[in-house]
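These notes are about the structure you will find just below.
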Amino acid sequence: MPPSRKKLKKPLDPSFFEPKSQRDRRGSAENSATARAAAGGCSTAKYVSEEGDEQLDTDTKIAILASLHPSLSTAALIDILLSVNGSIEATSKLLAAGQTTPQARKPPSTTNQSSLETFISTQGTSTTTSTTTSTPKPPPKGQTLHLYTPASIALHTPCVLHTTFLPPPLATTLLQELLHESTTFPPPGKFNLFSRTVQSPHRSVMYTTTPATTPYYYQGLTLPPPRAFTPSMSTAAGLVEEHFRTLEPRGRITAALVNCYAGPQQGVGFHTDALTYIGPRAIICTLSLGVTREFRIQKQPPSSHSLGTYAIHLPHNSLLVMTAGMQENWKHSIPLVQRVDRHEISGDIRIAITFRWYRDDYGPEVTPACGCGGRMVLRPVWGGEKYFWSCDGEYRGVGQGCGYFKWAVFGEGGRPVFEDEKGKVVEGGDG
Ligand SMILES: O=C(O)CCC(=O)C(=O)O
Ligand SMILES: [Fe+2]
């Protein structure tokens, strides 16, 4: 077993692990600020006539309606807007006539699930009294709340959605390029990318900007060498990086796991993304291409009072940002469904590029091996109050590994602090 930890030479960065309550408050403020920015800013929104409605995305419509009807919650506005097929004028007429609940319900896009409007109505709550600033109630256990717009996603979840993220011709080229690439992806089930309890009936391949000198490991397995970003992926990664750096100024996009879901019966079960190469409180940006699929999230840890699920609908050319702390607090999945709406280019296929910052200071050549020659994985205690390094033996099978466990210590900017074999404190390389 590695020797016990000596006193740290460098002070830890106090802001990196500020109290969770403060982080949560700041996080939700950031989220709603992002949502407001994405919506074009409610206070500057102008009413646009009916002819212009079709050109506006739903988020902009919500922003306009919010400026016209500031007393109503975003959820209520979406609800009514959906019930009149997205017409601002019709929504305003209904509201002027005193109607604050939808006239008719739009059927949910998939079976066995409750849509936003049915969820709100089954709650028996008035949609007229809550304000946009209050955090809405989570869905109860057994129910799924469907979210379609950036505003409602930011309101309810730690995710931020950007629609039409890439210039559309680039999104088309990238989709075509990756559809071609995906024909060479290893078949589903050849190796389990996620934990043993997770089904991964889909294909995925890791890409990095610079070739790895040491293999990457995942859940006890040595991954195939990562591939180089394709030309369009590099262009897209540049645009994602620009956005990423507004959230994490030191960050770069250095890796991407490309997932291919060939049809409605492919998906991935509930999991969190491993922190081993991305560090704590990592931000992950997923670009969706091809058919729209649901991305489901569930707050952790599960308890007897466990809550329901949120389903975020991810259309072609949308960027979903899983914000800092999400991997520590929420699980996510792409559920199998009965049917999907075919996409004009990809048919029933969805490609998801999950762009990540694989940090140099968490690289496979820097993070330590443990006593049994296995790798150590970085895992959070739910909530992210603490993290620990442990031997990945448990992923290799019962009785495997050396059981190494050590609480993680972090320096400036979340840089990992380790000890070498002689017990000397060492920090990971430049992030
Ligand atoms: O397909 C997606 O949007 C999510 C994929 C995912 O969870 C992952 O790559 O870890
Ligand atoms: Fe994931």
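Labeling convention for the structure tokens: chains A, B, ... as they appear, residues from 1 per chain, ligands from 1 in order of appearance.
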Q | Within-7 Å residues of ligand 2, basis only C-alpha atoms and all ligand atoms, as an MDAnalysis selection string | A | chainID A and resid 271:273 332:333
Q. What residues in range 166-316 of chain A get the DSSP label alpha helix (DSSP H)? Please answer as number ranges by chain.
A. A: 168-182, 231-247
Q: Pick out the residues no farther than 7 Å from ligand 1, counting only C-alpha atoms and all ligand atoms, and list them as a ChimeraX atom specification.
A: /A:257-259,268,273,286,288,295,332-334,352,354
Q | Contacts of Gly238 in chain A within 12 Å, only C-alpha atoms, excl. fewer than 2 positions in-chain, as a list in words | A |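 Here the qualifying residues turn out to be Leu166, Thr209, Phe229, Pro231, Ser232, Met233, Ser234, Thr235, Ala236, Val240, Glu241, Glu242, His243, Phe244, Arg245, Gly251, Arg252, Ile253, Thr254, Ala255 and Phe355 of chain A.
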Would you write out those residues with N, CA and C atoms, as a PDB file, in the first residue's frame?
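Below you can see result.pdb, which holds the result:
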```
ATOM      1  N   LEU A 166     -23.867  25.072 -34.239  1.00  0.00           N
ATOM      2  CA  LEU A 166     -22.881  25.255 -35.305  1.00  0.00           C
ATOM      3  C   LEU A 166     -23.554  25.944 -36.484  1.00  0.00           C
ATOM      4  N   THR A 209      -7.090  15.469 -29.325  1.00  0.00           N
ATOM      5  CA  THR A 209      -6.419  16.425 -30.229  1.00  0.00           C
ATOM      6  C   THR A 209      -4.951  16.052 -30.428  1.00  0.00           C
ATOM      7  N   PHE A 229      -8.940  13.898 -34.119  1.00  0.00           N
ATOM      8  CA  PHE A 229     -10.140  14.642 -34.522  1.00  0.00           C
ATOM      9  C   PHE A 229     -10.201  14.707 -36.060  1.00  0.00           C
ATOM     10  N   PRO A 231     -11.357  16.613 -39.631  1.00  0.00           N
ATOM     11  CA  PRO A 231     -11.297  18.062 -39.918  1.00  0.00           C
ATOM     12  C   PRO A 231     -12.511  18.844 -39.402  1.00  0.00           C
ATOM     13  N   SER A 232     -13.707  18.338 -39.655  1.00  0.00           N
ATOM     14  CA  SER A 232     -14.890  19.097 -39.186  1.00  0.00           C
ATOM     15  C   SER A 232     -15.019  19.055 -37.677  1.00  0.00           C
ATOM     16  N   MET A 233     -14.577  17.951 -37.085  1.00  0.00           N
ATOM     17  CA  MET A 233     -14.611  17.882 -35.613  1.00  0.00           C
ATOM     18  C   MET A 233     -13.713  18.956 -35.025  1.00  0.00           C
ATOM     19  N   SER A 234     -12.550  19.176 -35.655  1.00  0.00           N
ATOM     20  CA  SER A 234     -11.633  20.209 -35.146  1.00  0.00           C
ATOM     21  C   SER A 234     -12.276  21.587 -35.242  1.00  0.00           C
ATOM     22  N   THR A 235     -12.930  21.854 -36.372  1.00  0.00           N
ATOM     23  CA  THR A 235     -13.586  23.168 -36.522  1.00  0.00           C
ATOM     24  C   THR A 235     -14.679  23.321 -35.457  1.00  0.00           C
ATOM     25  N   ALA A 236     -15.469  22.262 -35.308  1.00  0.00           N
ATOM     26  CA  ALA A 236     -16.549  22.318 -34.305  1.00  0.00           C
ATOM     27  C   ALA A 236     -15.955  22.470 -32.904  1.00  0.00           C
ATOM     28  N   VAL A 240     -16.803  25.033 -29.879  1.00  0.00           N
ATOM     29  CA  VAL A 240     -17.200  24.567 -28.541  1.00  0.00           C
ATOM     30  C   VAL A 240     -16.220  25.123 -27.506  1.00  0.00           C
ATOM     31  N   GLU A 241     -14.945  25.114 -27.872  1.00  0.00           N
ATOM     32  CA  GLU A 241     -13.930  25.613 -26.927  1.00  0.00           C
ATOM     33  C   GLU A 241     -14.151  27.089 -26.587  1.00  0.00           C
ATOM     34  N   GLU A 242     -14.499  27.870 -27.613  1.00  0.00           N
ATOM     35  CA  GLU A 242     -14.792  29.298 -27.364  1.00  0.00           C
ATOM     36  C   GLU A 242     -15.856  29.430 -26.281  1.00  0.00           C
ATOM     37  N   HIS A 243     -16.897  28.599 -26.405  1.00  0.00           N
ATOM     38  CA  HIS A 243     -17.966  28.660 -25.416  1.00  0.00           C
ATOM     39  C   HIS A 243     -17.490  28.126 -24.058  1.00  0.00           C
ATOM     40  N   PHE A 244     -16.769  27.007 -24.127  1.00  0.00           N
ATOM     41  CA  PHE A 244     -16.263  26.353 -22.911  1.00  0.00           C
ATOM     42  C   PHE A 244     -15.444  27.338 -22.081  1.00  0.00           C
ATOM     43  N   ARG A 245     -14.632  28.142 -22.768  1.00  0.00           N
ATOM     44  CA  ARG A 245     -13.733  29.050 -22.046  1.00  0.00           C
ATOM     45  C   ARG A 245     -14.479  30.216 -21.398  1.00  0.00           C
ATOM     46  N   GLY A 251      -9.710  26.302 -19.596  1.00  0.00           N
ATOM     47  CA  GLY A 251     -10.001  25.031 -20.256  1.00  0.00           C
ATOM     48  C   GLY A 251      -9.711  25.010 -21.745  1.00  0.00           C
ATOM     49  N   ARG A 252      -9.553  23.824 -22.253  1.00  0.00           N
ATOM     50  CA  ARG A 252      -9.410  23.598 -23.696  1.00  0.00           C
ATOM     51  C   ARG A 252     -10.211  22.346 -24.027  1.00  0.00           C
ATOM     52  N   ILE A 253     -10.588  22.211 -25.275  1.00  0.00           N
ATOM     53  CA  ILE A 253     -11.229  20.950 -25.670  1.00  0.00           C
ATOM     54  C   ILE A 253     -10.123  20.057 -26.208  1.00  0.00           C
ATOM     55  N   THR A 254      -9.851  18.989 -25.492  1.00  0.00           N
ATOM     56  CA  THR A 254      -8.733  18.124 -25.873  1.00  0.00           C
ATOM     57  C   THR A 254      -9.175  16.700 -26.189  1.00  0.00           C
ATOM     58  N   ALA A 255     -10.425  16.377 -25.920  1.00  0.00           N
ATOM     59  CA  ALA A 255     -10.895  15.014 -26.161  1.00  0.00           C
ATOM     60  C   ALA A 255     -12.383  15.028 -26.458  1.00  0.00           C
ATOM     61  N   PHE A 355     -17.723  16.603 -25.937  1.00  0.00           N
ATOM     62  CA  PHE A 355     -16.434  17.311 -25.886  1.00  0.00           C
ATOM     63  C   PHE A 355     -16.002  17.489 -24.431  1.00  0.00           C
TER      64      PHE A 355
END
```
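In this comparison, which uses only C-alpha atoms, the residue of A:Pro264, A:Met376, A:Ile297, A:Thr323 approaching Glu248 in chain A most closely is A:Thr323.
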Q) Any idea what's packed within 10 Å of Ile345 in chain A, counting only C-alpha atoms, ignoring anything in its chain fewer than 5 positions away? Could you give it as JSON, numbers by chain? A) {"A": [172, 175, 176, 179, 289, 290, 291]}
